[in-house]
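Visitor: Just upload13.cif, nothing more (mmCIF, C-alpha atoms):
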data_upload
#
loop_
_atom_site.label_atom_id
_atom_site.label_comp_id
_atom_site.auth_asym_id
_atom_site.auth_seq_id
_atom_site.Cartn_x
_atom_site.Cartn_y
_atom_site.Cartn_z
CA MET Y 1328 -10.52 -3.50 -31.35
CA LYS Y 1329 -7.78 -5.95 -30.40
CA THR Y 1330 -4.27 -4.90 -31.30
CA THR Y 1331 -1.25 -7.12 -31.65
CA ALA Y 1332 2.17 -6.03 -30.45
CA PRO Y 1333 4.73 -5.88 -33.24
CA ALA Y 1334 7.07 -8.85 -33.44
CA ARG Y 1335 10.49 -8.25 -31.92
CA THR Y 1336 13.23 -8.15 -34.51
CA ALA Y 1337 16.17 -10.38 -33.62
CA ALA Y 1338 19.38 -8.49 -33.01
CA PRO Y 1339 22.08 -9.13 -35.62
CA ASP Y 1340 24.76 -11.63 -34.66
CA LEU Y 1341 27.78 -9.37 -34.21
CA TRP Y 1342 29.98 -12.44 -33.64
CA HIS Y 1343 29.03 -13.97 -36.99
CA HIS Y 1344 32.46 -13.42 -38.53
CA TYR Y 1345 34.62 -13.99 -35.45
CA GLY Y 1346 36.89 -17.04 -35.58
CA ARG Y 1347 35.43 -18.36 -38.84
CA THR Y 1348 38.90 -19.24 -40.14
CA ARG Y 1349 39.75 -21.32 -37.05
CA THR Y 1350 38.69 -24.86 -37.93
CA ASP Y 1351 41.15 -26.84 -35.80
CA ARG Y 1352 39.18 -29.56 -34.04
CA THR Y 1353 42.05 -30.40 -31.70
CA VAL Y 1354 41.16 -29.92 -28.04
CA PRO Y 1355 43.60 -27.39 -26.55
CA ASP Y 1356 46.12 -29.01 -24.21
CA SER Y 1357 46.38 -25.90 -22.04
CA PHE Y 1358 44.08 -23.33 -20.43
CA SER Y 1359 45.23 -19.72 -20.17
CA TRP Y 1360 43.58 -16.65 -18.69
CA VAL Y 1361 45.81 -13.99 -20.26
CA TRP Y 1362 44.87 -11.85 -23.26
CA ALA Y 1363 47.38 -13.41 -25.68
CA GLN Y 1364 46.61 -16.98 -24.51
CA ASP Y 1365 50.33 -17.67 -24.34
CA GLY Y 1366 51.09 -18.35 -20.68
CA GLY Y 1367 50.26 -17.26 -17.16
CA PRO Y 1368 48.13 -19.18 -14.66
CA GLY Y 1369 45.91 -22.02 -15.81
CA THR Y 1370 43.23 -24.24 -14.36
CA GLU Y 1371 44.78 -24.13 -10.89
CA VAL Y 1372 42.85 -20.87 -10.50
CA LEU Y 1373 39.65 -22.93 -10.47
CA GLY Y 1374 40.84 -25.54 -7.96
CA ASP Y 1375 39.93 -29.24 -8.05
CA LEU Y 1376 37.09 -29.61 -10.55
CA THR Y 1377 36.37 -33.29 -9.93
CA GLY Y 1378 32.63 -33.90 -9.97
CA LEU Y 1379 31.72 -30.20 -10.21
CA VAL Y 1380 29.24 -28.45 -12.50
CA LEU Y 1381 30.70 -25.47 -14.36
CA ALA Y 1382 29.56 -22.89 -16.88
CA ASP Y 1383 31.68 -20.97 -19.38
CA LEU Y 1384 30.01 -17.58 -19.79
CA GLY Y 1385 30.39 -16.31 -23.32
CA ALA Y 1386 32.15 -19.49 -24.40
CA GLY Y 1387 32.58 -18.68 -28.08
CA ALA Y 1388 33.79 -21.84 -29.83
CA ALA Y 1389 34.01 -23.60 -26.42
CA ARG Y 1390 37.74 -24.31 -26.59
CA HIS Y 1391 38.30 -23.66 -22.87
CA ALA Y 1392 35.32 -25.82 -21.96
CA ALA Y 1393 36.58 -28.61 -24.23
CA HIS Y 1394 39.94 -28.52 -22.45
CA LEU Y 1395 38.29 -28.86 -19.05
CA VAL Y 1396 36.13 -31.86 -19.93
CA THR Y 1397 39.06 -33.60 -21.67
CA HIS Y 1398 41.88 -32.99 -19.20
CA HIS Y 1399 39.98 -32.72 -15.89
CA ALA Y 1400 37.03 -34.54 -14.37
CA PRO Y 1401 34.08 -32.16 -13.95
CA ALA Y 1402 30.59 -33.62 -13.89
CA ARG Y 1403 29.60 -31.16 -16.64
CA VAL Y 1404 30.64 -27.93 -18.32
CA ASP Y 1405 27.93 -25.78 -19.93
CA ALA Y 1406 29.44 -23.65 -22.70
CA ILE Y 1407 26.98 -20.76 -23.04
CA ASP Y 1408 26.96 -18.22 -25.84
CA ALA Y 1409 24.20 -16.08 -27.34
CA SER Y 1410 25.75 -15.96 -30.81
CA PRO Y 1411 24.17 -18.41 -33.30
CA ALA Y 1412 27.44 -18.51 -35.27
CA GLN Y 1413 29.62 -19.19 -32.23
CA HIS Y 1414 27.20 -21.82 -30.93
CA ALA Y 1415 27.19 -23.57 -34.32
CA MET Y 1416 30.98 -23.49 -34.39
CA SER Y 1417 31.27 -25.04 -30.92
CA ARG Y 1418 28.92 -27.85 -31.92
CA ASP Y 1419 30.83 -28.48 -35.12
CA LEU Y 1420 34.24 -28.53 -33.44
CA PHE Y 1421 33.47 -30.51 -30.31
CA ASN Y 1422 30.29 -32.50 -30.97
CA ASP Y 1423 32.09 -35.70 -29.94
CA LEU Y 1424 32.63 -34.53 -26.35
CA PRO Y 1425 29.10 -34.68 -24.87
CA PRO Y 1426 27.56 -35.52 -22.46
CA ARG Y 1427 30.01 -33.78 -20.11
CA LEU Y 1428 30.20 -30.79 -22.48
CA ARG Y 1429 26.92 -29.04 -23.23
CA THR Y 1430 26.98 -26.25 -25.81
CA LEU Y 1431 24.06 -23.93 -25.13
CA ARG Y 1432 22.83 -21.03 -27.23
CA ALA Y 1433 21.39 -18.59 -24.71
CA ASP Y 1434 21.66 -15.12 -23.28
CA VAL Y 1435 24.02 -15.61 -20.33
CA VAL Y 1436 22.06 -13.49 -17.83
CA GLU Y 1437 18.75 -15.11 -18.78
CA HIS Y 1438 20.27 -18.58 -18.46
CA LEU Y 1439 21.77 -17.87 -15.05
CA ASP Y 1440 18.51 -16.36 -13.79
CA ALA Y 1441 16.68 -19.52 -14.88
CA HIS Y 1442 19.13 -21.83 -13.05
CA PRO Y 1443 19.54 -20.64 -9.44
CA GLY Y 1444 21.94 -22.61 -7.26
CA VAL Y 1445 23.00 -24.97 -10.07
CA TYR Y 1446 26.70 -24.24 -10.57
CA ASP Y 1447 29.82 -24.84 -8.50
CA VAL Y 1448 32.02 -22.69 -10.75
CA LEU Y 1449 31.27 -19.92 -13.24
CA TYR Y 1450 34.11 -18.62 -15.40
CA SER Y 1451 34.67 -16.23 -18.30
CA VAL Y 1452 37.83 -15.83 -20.38
CA PHE Y 1453 37.37 -12.50 -22.18
CA GLY Y 1454 33.78 -13.59 -22.67
CA ALA Y 1455 30.49 -12.45 -21.17
CA LEU Y 1456 32.23 -10.36 -18.52
CA ASP Y 1457 33.56 -8.08 -21.25
CA PHE Y 1458 30.33 -7.69 -23.22
CA THR Y 1459 27.55 -7.76 -20.60
CA ASP Y 1460 26.59 -4.99 -18.22
CA PRO Y 1461 28.14 -6.20 -14.94
CA ARG Y 1462 25.22 -4.71 -13.00
CA ARG Y 1463 23.11 -7.44 -14.64
CA LEU Y 1464 25.70 -10.21 -14.86
CA PHE Y 1465 27.08 -10.26 -11.31
CA PRO Y 1466 23.75 -10.58 -9.43
CA ALA Y 1467 22.64 -13.32 -11.84
CA ALA Y 1468 25.96 -15.14 -11.35
CA ALA Y 1469 25.67 -14.93 -7.57
CA ARG Y 1470 22.19 -16.47 -7.71
CA ALA Y 1471 23.26 -19.26 -10.08
CA LEU Y 1472 26.15 -20.39 -7.87
CA ARG Y 1473 25.76 -22.84 -5.03
CA PRO Y 1474 26.85 -21.58 -1.60
CA GLY Y 1475 30.64 -21.42 -1.59
CA GLY Y 1476 30.74 -21.43 -5.40
CA LEU Y 1477 33.47 -19.63 -7.34
CA PHE Y 1478 33.17 -16.91 -9.97
CA ALA Y 1479 36.41 -16.39 -11.94
CA ALA Y 1480 36.99 -14.24 -15.00
CA SER Y 1481 39.68 -12.54 -17.00
CA THR Y 1482 39.28 -9.20 -18.74
CA LEU Y 1483 41.38 -6.38 -20.14
CA GLY Y 1484 43.38 -4.35 -17.64
CA HIS Y 1485 43.36 -1.40 -20.07
CA TYR Y 1486 42.35 -0.71 -23.64
CA ILE Y 1487 44.43 -2.17 -26.46
CA GLY Y 1488 47.00 0.49 -27.22
CA GLY Y 1489 47.39 1.50 -23.57
CA VAL Y 1490 44.49 3.86 -22.86
CA PRO Y 1491 43.57 3.43 -19.16
CA ALA Y 1492 40.52 1.47 -18.09
CA GLU Y 1493 37.38 3.32 -17.03
CA PRO Y 1494 37.19 4.65 -13.45
CA ASP Y 1495 33.38 4.28 -13.45
CA VAL Y 1496 30.84 1.76 -14.72
CA ARG Y 1497 30.95 2.89 -18.31
CA HIS Y 1498 31.32 0.94 -21.52
CA ALA Y 1499 33.08 1.79 -24.76
CA ASP Y 1500 31.58 1.20 -28.20
CA ILE Y 1501 34.02 -0.93 -30.17
CA PRO Y 1502 33.90 -1.71 -33.92
CA ALA Y 1503 31.94 -4.74 -35.08
CA ARG Y 1504 30.33 -6.08 -38.25
CA SER Y 1505 26.83 -7.37 -38.84
CA PRO Y 1506 26.49 -10.70 -40.70
CA ASP Y 1507 26.15 -8.86 -44.03
CA GLY Y 1508 29.38 -6.96 -43.36
CA THR Y 1509 27.82 -3.63 -42.39
CA PRO Y 1510 30.05 -1.73 -39.94
CA THR Y 1511 28.49 -1.24 -36.51
CA SER Y 1512 29.60 -1.32 -32.88
CA MET Y 1513 29.09 -3.27 -29.67
CA PRO Y 1514 29.61 -2.31 -26.01
CA ARG Y 1515 32.67 -3.52 -24.11
CA TRP Y 1516 33.36 -2.97 -20.42
CA VAL Y 1517 37.01 -2.20 -19.62
CA LEU Y 1518 37.03 -1.14 -15.95
CA GLN Y 1519 39.61 -0.42 -13.28
CA GLU Y 1520 40.23 -2.92 -10.49
CA HIS Y 1521 38.39 -0.99 -7.80
CA VAL Y 1522 35.28 -0.74 -10.01
CA TRP Y 1523 35.12 -4.50 -10.55
CA THR Y 1524 35.64 -5.08 -6.81
CA LYS Y 1525 32.83 -2.68 -5.89
CA LEU Y 1526 30.42 -4.29 -8.35
CA LEU Y 1527 31.18 -7.80 -7.09
CA ASP Y 1528 30.70 -6.67 -3.50
CA GLU Y 1529 27.37 -5.02 -4.34
CA ALA Y 1530 26.19 -8.26 -5.96
CA GLY Y 1531 26.80 -10.15 -2.70
CA PHE Y 1532 30.13 -11.84 -3.40
CA ALA Y 1533 32.80 -12.37 -0.74
CA ASP Y 1534 36.57 -13.08 -0.68
CA ILE Y 1535 37.02 -10.87 -3.74
CA SER Y 1536 40.43 -10.59 -5.37
CA VAL Y 1537 41.72 -8.93 -8.53
CA ASP Y 1538 45.20 -9.76 -9.86
CA ARG Y 1539 46.93 -7.87 -12.67
CA LEU Y 1540 48.83 -10.13 -15.07
CA PRO Y 1541 51.27 -8.39 -17.43
CA PRO Y 1542 51.65 -9.73 -20.99
CA VAL Y 1543 54.14 -12.55 -21.43
CA THR Y 1544 55.37 -10.96 -24.66
CA PRO Y 1545 54.92 -7.16 -24.81
CA GLY Y 1546 53.91 -5.66 -28.15
CA PRO Y 1547 51.65 -3.04 -29.76
CA ARG Y 1548 48.54 -5.26 -29.43
CA SER Y 1549 49.41 -6.69 -26.02
CA ALA Y 1550 47.54 -5.85 -22.83
CA ASP Y 1551 47.52 -6.48 -19.10
CA THR Y 1552 44.94 -8.99 -17.93
CA LEU Y 1553 42.82 -8.58 -14.82
CA LEU Y 1554 41.96 -11.90 -13.17
CA LEU Y 1555 38.88 -11.61 -10.95
CA ARG Y 1556 37.90 -14.16 -8.34
CA ALA Y 1557 34.99 -14.07 -5.91
CA TYR Y 1558 32.85 -16.53 -3.98
CA ARG Y 1559 29.19 -16.80 -3.11
CA PRO Y 1560 29.04 -16.84 0.71
CA ARG Y 1561 28.17 -20.16 2.32
#
Will you turn the file into structure tokens for me?

Guide:
Amino acid sequence: MKTTAPARTAAPDLWHHYGRTRTDRTVPDSFSWVWAQDGGPGTEVLGDLTGLVLADLGAGAARHAAHLVTHHAPARVDAIDASPAQHAMSRDLFNDLPPRLRTLRADVVEHLDAHPGVYDVLYSVFGALDFTDPRRLFPAAARALRPGGLFAASTLGHYIGGVPAEPDVRHADIPARSPDGTPTSMPRWVLQEHVWTKLLDEAGFADISVDRLPPVTPGPRSADTLLLRAYRPR
């Protein structure tokens, strides 16, 4: 007797509610890596982007990607996000920017695995780096980069409120809401500098650096930012 495997139930979109009140279609005139998005280094971290192919990993509404295609001259920026709601928002806000901006609804690791050697630069601004197991993300990123390509990402230097980052590869379960409003949780990786460095090294990256950026304006919800940079060897 032939049996049929049960259909896989789609995971709820835990980003369904995030940013729903932000409807400003104006392309940001600046690019910031820090947690509060109020200063610090900008696109100079990525170098000259002229003619390059980039991907924003966990792009959300694609505001950083929109800035890059408007104010710089990349060949293309792929804004990748698995959330149906975030993908729909990015298309609604910036649908006049293609073809240099592509908004893609996809699992970041699966997309990178399917596109080896395609990208010159991969970046994440409190995006996929925070919410994807780095033991999956980093090897996929290394494969998707061209030789000499740059991986750059910003993430929390400690938990909001000041609790130290994890000394091992361990995630925390943070509060979230399903589309119908049911309370749930999602994993977030908040790791110490030496843990990120070790993981990047194990994935085959070289010239690894991690900079700690203090908040421009300290406050109860402020946080240090870790800025990671690493290159695929030539």

Visitor: Quick one: apply the PyMOL selection byres ((chain Y and resi 1354) around 8) to the file and drop the selected residues here as a PyMOL selection string.

Guide: chain Y and resi 1352-1353+1355-1356+1390+1393-1394+1397

Visitor: Have a look at Y:Asp1460, Y:Glu1529, Y:Asp1408, Y:Glu1520 and name the one nearest to Arg1497 of chain Y; count only C-alpha atoms.

Guide: Y:Asp1460

Visitor: Can you spell out as a count of residues only the set of residues that the PyMOL selection byres ((chain Y and resi 1433-1449) around 10) selects in the structure I just provided?

Guide: 52

Visitor: So how many Å separate atom CA of Asn1422 of chain Y and atom CA of Gly1369 of chain Y, to one decimal?

Guide: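 Spanning atom CA of Asn1422 of chain Y to atom CA of Gly1369 of chain Y is a straight-line distance of 24.2 Å.
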
Visitor: When you count all atoms listed in the file, which of these residues is closest to Thr1544 of chain Y: Y:Gly1531, Y:Gly1367, Y:Gly1489, Y:Gly1484?

Guide: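 Using all atoms listed in the file, Thr1544 of chain Y sits closest to Y:Gly1367.
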
Visitor: Which residues, named as in the file, does the PyMOL selection byres ((chain Y and resi 1510-1519) around 9) pick out? Answer as a PyMOL selection string.

Guide: chain Y and resi 1341+1456-1461+1482-1486+1491-1505+1508-1509+1520-1524+1553

Visitor: Expressed in Å to a single decimal, how great is the separation between atom CA of Phe1453 of chain Y and atom CA of Ile1487 of chain Y?

Guide: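 These two atoms are separated by 13.2 Å.
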
Visitor: Just so I have it separately, write segment 1389-1529 of chain Y from the block I sent, keeping C-alpha atoms, as a PDB file, in the first residue's frame.

Guide:
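Writing done, so here's part.pdb:
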ATOM      1  CA  ALA Y1389      14.858  46.746   2.310  1.00  0.00           C
ATOM      2  CA  ARG Y1390      15.608  50.290   3.458  1.00  0.00           C
ATOM      3  CA  HIS Y1391      19.387  49.730   3.545  1.00  0.00           C
ATOM      4  CA  ALA Y1392      19.307  48.105   0.117  1.00  0.00           C
ATOM      5  CA  ALA Y1393      17.239  50.997  -1.260  1.00  0.00           C
ATOM      6  CA  HIS Y1394      19.837  53.453   0.023  1.00  0.00           C
ATOM      7  CA  LEU Y1395      22.653  51.583  -1.704  1.00  0.00           C
ATOM      8  CA  VAL Y1396      21.003  51.418  -5.125  1.00  0.00           C
ATOM      9  CA  THR Y1397      19.962  55.086  -4.924  1.00  0.00           C
ATOM     10  CA  HIS Y1398      23.128  56.701  -3.576  1.00  0.00           C
ATOM     11  CA  HIS Y1399      25.825  54.325  -4.876  1.00  0.00           C
ATOM     12  CA  ALA Y1400      26.374  52.448  -8.116  1.00  0.00           C
ATOM     13  CA  PRO Y1401      26.190  48.687  -7.518  1.00  0.00           C
ATOM     14  CA  ALA Y1402      25.222  46.452 -10.401  1.00  0.00           C
ATOM     15  CA  ARG Y1403      22.510  44.910  -8.202  1.00  0.00           C
ATOM     16  CA  VAL Y1404      21.415  44.502  -4.596  1.00  0.00           C
ATOM     17  CA  ASP Y1405      19.329  41.450  -3.677  1.00  0.00           C
ATOM     18  CA  ALA Y1406      17.221  42.193  -0.591  1.00  0.00           C
ATOM     19  CA  ILE Y1407      16.476  38.736   0.830  1.00  0.00           C
ATOM     20  CA  ASP Y1408      13.984  37.987   3.572  1.00  0.00           C
ATOM     21  CA  ALA Y1409      11.978  34.871   4.438  1.00  0.00           C
ATOM     22  CA  SER Y1410       9.056  36.786   5.945  1.00  0.00           C
ATOM     23  CA  PRO Y1411       6.059  37.148   3.588  1.00  0.00           C
ATOM     24  CA  ALA Y1412       5.019  40.337   5.397  1.00  0.00           C
ATOM     25  CA  GLN Y1413       8.461  41.943   5.224  1.00  0.00           C
ATOM     26  CA  HIS Y1414       8.872  40.957   1.574  1.00  0.00           C
ATOM     27  CA  ALA Y1415       5.469  42.458   0.724  1.00  0.00           C
ATOM     28  CA  MET Y1416       6.406  45.646   2.568  1.00  0.00           C
ATOM     29  CA  SER Y1417       9.687  45.996   0.680  1.00  0.00           C
ATOM     30  CA  ARG Y1418       7.896  45.594  -2.643  1.00  0.00           C
ATOM     31  CA  ASP Y1419       5.264  48.136  -1.670  1.00  0.00           C
ATOM     32  CA  LEU Y1420       7.771  50.732  -0.464  1.00  0.00           C
ATOM     33  CA  PHE Y1421      10.431  50.467  -3.153  1.00  0.00           C
ATOM     34  CA  ASN Y1422       8.803  48.889  -6.214  1.00  0.00           C
ATOM     35  CA  ASP Y1423      10.011  51.810  -8.342  1.00  0.00           C
ATOM     36  CA  LEU Y1424      13.703  50.999  -7.787  1.00  0.00           C
ATOM     37  CA  PRO Y1425      14.183  47.803  -9.845  1.00  0.00           C
ATOM     38  CA  PRO Y1426      16.031  46.467 -11.765  1.00  0.00           C
ATOM     39  CA  ARG Y1427      19.072  47.218  -9.585  1.00  0.00           C
ATOM     40  CA  LEU Y1428      17.078  46.354  -6.450  1.00  0.00           C
ATOM     41  CA  ARG Y1429      15.631  42.845  -6.306  1.00  0.00           C
ATOM     42  CA  THR Y1430      13.388  41.992  -3.364  1.00  0.00           C
ATOM     43  CA  LEU Y1431      13.455  38.241  -2.847  1.00  0.00           C
ATOM     44  CA  ARG Y1432      11.336  36.160  -0.491  1.00  0.00           C
ATOM     45  CA  ALA Y1433      13.579  33.250   0.445  1.00  0.00           C
ATOM     46  CA  ASP Y1434      15.297  31.477   3.287  1.00  0.00           C
ATOM     47  CA  VAL Y1435      18.709  33.155   3.382  1.00  0.00           C
ATOM     48  CA  VAL Y1436      20.769  29.970   3.805  1.00  0.00           C
ATOM     49  CA  GLU Y1437      18.857  28.146   1.062  1.00  0.00           C
ATOM     50  CA  HIS Y1438      19.290  31.106  -1.295  1.00  0.00           C
ATOM     51  CA  LEU Y1439      23.025  31.367  -0.659  1.00  0.00           C
ATOM     52  CA  ASP Y1440      23.498  27.619  -1.113  1.00  0.00           C
ATOM     53  CA  ALA Y1441      21.725  27.852  -4.474  1.00  0.00           C
ATOM     54  CA  HIS Y1442      23.944  30.721  -5.694  1.00  0.00           C
ATOM     55  CA  PRO Y1443      27.620  29.795  -5.185  1.00  0.00           C
ATOM     56  CA  GLY Y1444      30.189  32.387  -6.213  1.00  0.00           C
ATOM     57  CA  VAL Y1445      27.581  34.993  -7.199  1.00  0.00           C
ATOM     58  CA  TYR Y1446      28.129  37.859  -4.757  1.00  0.00           C
ATOM     59  CA  ASP Y1447      30.889  40.401  -4.239  1.00  0.00           C
ATOM     60  CA  VAL Y1448      29.475  41.623  -0.915  1.00  0.00           C
ATOM     61  CA  LEU Y1449      27.095  40.090   1.617  1.00  0.00           C
ATOM     62  CA  TYR Y1450      25.869  42.251   4.482  1.00  0.00           C
ATOM     63  CA  SER Y1451      23.414  42.091   7.378  1.00  0.00           C
ATOM     64  CA  VAL Y1452      22.271  44.964   9.599  1.00  0.00           C
ATOM     65  CA  PHE Y1453      20.683  43.255  12.613  1.00  0.00           C
ATOM     66  CA  GLY Y1454      19.186  40.853  10.101  1.00  0.00           C
ATOM     67  CA  ALA Y1455      19.847  37.221   9.270  1.00  0.00           C
ATOM     68  CA  LEU Y1456      23.020  37.150  11.366  1.00  0.00           C
ATOM     69  CA  ASP Y1457      20.922  37.656  14.490  1.00  0.00           C
ATOM     70  CA  PHE Y1458      18.213  35.104  13.708  1.00  0.00           C
ATOM     71  CA  THR Y1459      19.995  32.286  11.848  1.00  0.00           C
ATOM     72  CA  ASP Y1460      22.249  29.647  13.326  1.00  0.00           C
ATOM     73  CA  PRO Y1461      25.718  30.938  12.353  1.00  0.00           C
ATOM     74  CA  ARG Y1462      26.935  27.355  11.904  1.00  0.00           C
ATOM     75  CA  ARG Y1463      24.589  27.235   8.892  1.00  0.00           C
ATOM     76  CA  LEU Y1464      24.838  30.846   7.747  1.00  0.00           C
ATOM     77  CA  PHE Y1465      28.609  31.361   7.644  1.00  0.00           C
ATOM     78  CA  PRO Y1466      29.520  28.350   5.448  1.00  0.00           C
ATOM     79  CA  ALA Y1467      26.695  29.231   3.046  1.00  0.00           C
ATOM     80  CA  ALA Y1468      27.893  32.856   2.911  1.00  0.00           C
ATOM     81  CA  ALA Y1469      31.472  31.784   2.213  1.00  0.00           C
ATOM     82  CA  ARG Y1470      30.304  29.628  -0.698  1.00  0.00           C
ATOM     83  CA  ALA Y1471      28.089  32.374  -2.151  1.00  0.00           C
ATOM     84  CA  LEU Y1472      30.884  34.959  -2.218  1.00  0.00           C
ATOM     85  CA  ARG Y1473      33.317  35.316  -5.073  1.00  0.00           C
ATOM     86  CA  PRO Y1474      37.000  34.952  -4.157  1.00  0.00           C
ATOM     87  CA  GLY Y1475      38.016  38.081  -2.263  1.00  0.00           C
ATOM     88  CA  GLY Y1476      34.379  38.897  -1.470  1.00  0.00           C
ATOM     89  CA  LEU Y1477      33.368  40.679   1.729  1.00  0.00           C
ATOM     90  CA  PHE Y1478      30.974  39.578   4.453  1.00  0.00           C
ATOM     91  CA  ALA Y1479      29.976  42.433   6.791  1.00  0.00           C
ATOM     92  CA  ALA Y1480      27.355  42.436   9.524  1.00  0.00           C
ATOM     93  CA  SER Y1481      26.266  44.247  12.638  1.00  0.00           C
ATOM     94  CA  THR Y1482      24.756  42.576  15.680  1.00  0.00           C
ATOM     95  CA  LEU Y1483      24.175  43.218  19.362  1.00  0.00           C
ATOM     96  CA  GLY Y1484      27.264  43.426  21.554  1.00  0.00           C
ATOM     97  CA  HIS Y1485      25.157  42.406  24.566  1.00  0.00           C
ATOM     98  CA  TYR Y1486      21.512  41.887  25.396  1.00  0.00           C
ATOM     99  CA  ILE Y1487      19.234  44.908  25.655  1.00  0.00           C
ATOM    100  CA  GLY Y1488      19.385  45.903  29.296  1.00  0.00           C
ATOM    101  CA  GLY Y1489      23.074  45.039  29.630  1.00  0.00           C
ATOM    102  CA  VAL Y1490      23.180  41.272  30.186  1.00  0.00           C
ATOM    103  CA  PRO Y1491      26.459  40.001  28.661  1.00  0.00           C
ATOM    104  CA  ALA Y1492      26.540  38.198  25.343  1.00  0.00           C
ATOM    105  CA  GLU Y1493      26.881  34.412  25.268  1.00  0.00           C
ATOM    106  CA  PRO Y1494      30.382  32.912  25.633  1.00  0.00           C
ATOM    107  CA  ASP Y1495      29.349  29.868  23.545  1.00  0.00           C
ATOM    108  CA  VAL Y1496      27.260  29.218  20.438  1.00  0.00           C
ATOM    109  CA  ARG Y1497      23.921  29.430  22.171  1.00  0.00           C
ATOM    110  CA  HIS Y1498      20.782  31.330  21.294  1.00  0.00           C
ATOM    111  CA  ALA Y1499      18.193  33.007  23.485  1.00  0.00           C
ATOM    112  CA  ASP Y1500      14.449  32.689  22.957  1.00  0.00           C
ATOM    113  CA  ILE Y1501      13.024  36.190  22.629  1.00  0.00           C
ATOM    114  CA  PRO Y1502       9.331  37.183  22.643  1.00  0.00           C
ATOM    115  CA  ALA Y1503       7.461  37.262  19.343  1.00  0.00           C
ATOM    116  CA  ARG Y1504       3.887  37.167  18.068  1.00  0.00           C
ATOM    117  CA  SER Y1505       2.295  34.958  15.449  1.00  0.00           C
ATOM    118  CA  PRO Y1506       0.153  36.677  12.779  1.00  0.00           C
ATOM    119  CA  ASP Y1507      -2.994  36.117  14.867  1.00  0.00           C
ATOM    120  CA  GLY Y1508      -1.350  37.774  17.876  1.00  0.00           C
ATOM    121  CA  THR Y1509      -0.563  34.611  19.833  1.00  0.00           C
ATOM    122  CA  PRO Y1510       2.529  35.084  22.026  1.00  0.00           C
ATOM    123  CA  THR Y1511       5.449  32.870  21.046  1.00  0.00           C
ATOM    124  CA  SER Y1512       9.225  33.154  20.781  1.00  0.00           C
ATOM    125  CA  MET Y1513      12.029  33.089  18.226  1.00  0.00           C
ATOM    126  CA  PRO Y1514      15.760  32.349  18.576  1.00  0.00           C
ATOM    127  CA  ARG Y1515      18.301  35.180  18.579  1.00  0.00           C
ATOM    128  CA  TRP Y1516      22.072  34.784  18.642  1.00  0.00           C
ATOM    129  CA  VAL Y1517      23.862  37.344  20.845  1.00  0.00           C
ATOM    130  CA  LEU Y1518      27.473  36.136  21.049  1.00  0.00           C
ATOM    131  CA  GLN Y1519      30.780  37.453  22.337  1.00  0.00           C
ATOM    132  CA  GLU Y1520      33.423  38.688  19.913  1.00  0.00           C
ATOM    133  CA  HIS Y1521      35.687  35.653  20.204  1.00  0.00           C
ATOM    134  CA  VAL Y1522      32.763  33.317  19.408  1.00  0.00           C
ATOM    135  CA  TRP Y1523      31.909  35.161  16.194  1.00  0.00           C
ATOM    136  CA  THR Y1524      35.589  35.176  15.201  1.00  0.00           C
ATOM    137  CA  LYS Y1525      35.931  31.433  15.784  1.00  0.00           C
ATOM    138  CA  LEU Y1526      32.804  30.658  13.768  1.00  0.00           C
ATOM    139  CA  LEU Y1527      33.938  32.806  10.834  1.00  0.00           C
ATOM    140  CA  ASP Y1528      37.355  31.154  10.886  1.00  0.00           C
ATOM    141  CA  GLU Y1529      35.805  27.677  10.929  1.00  0.00           C
TER     142      GLU Y1529
END
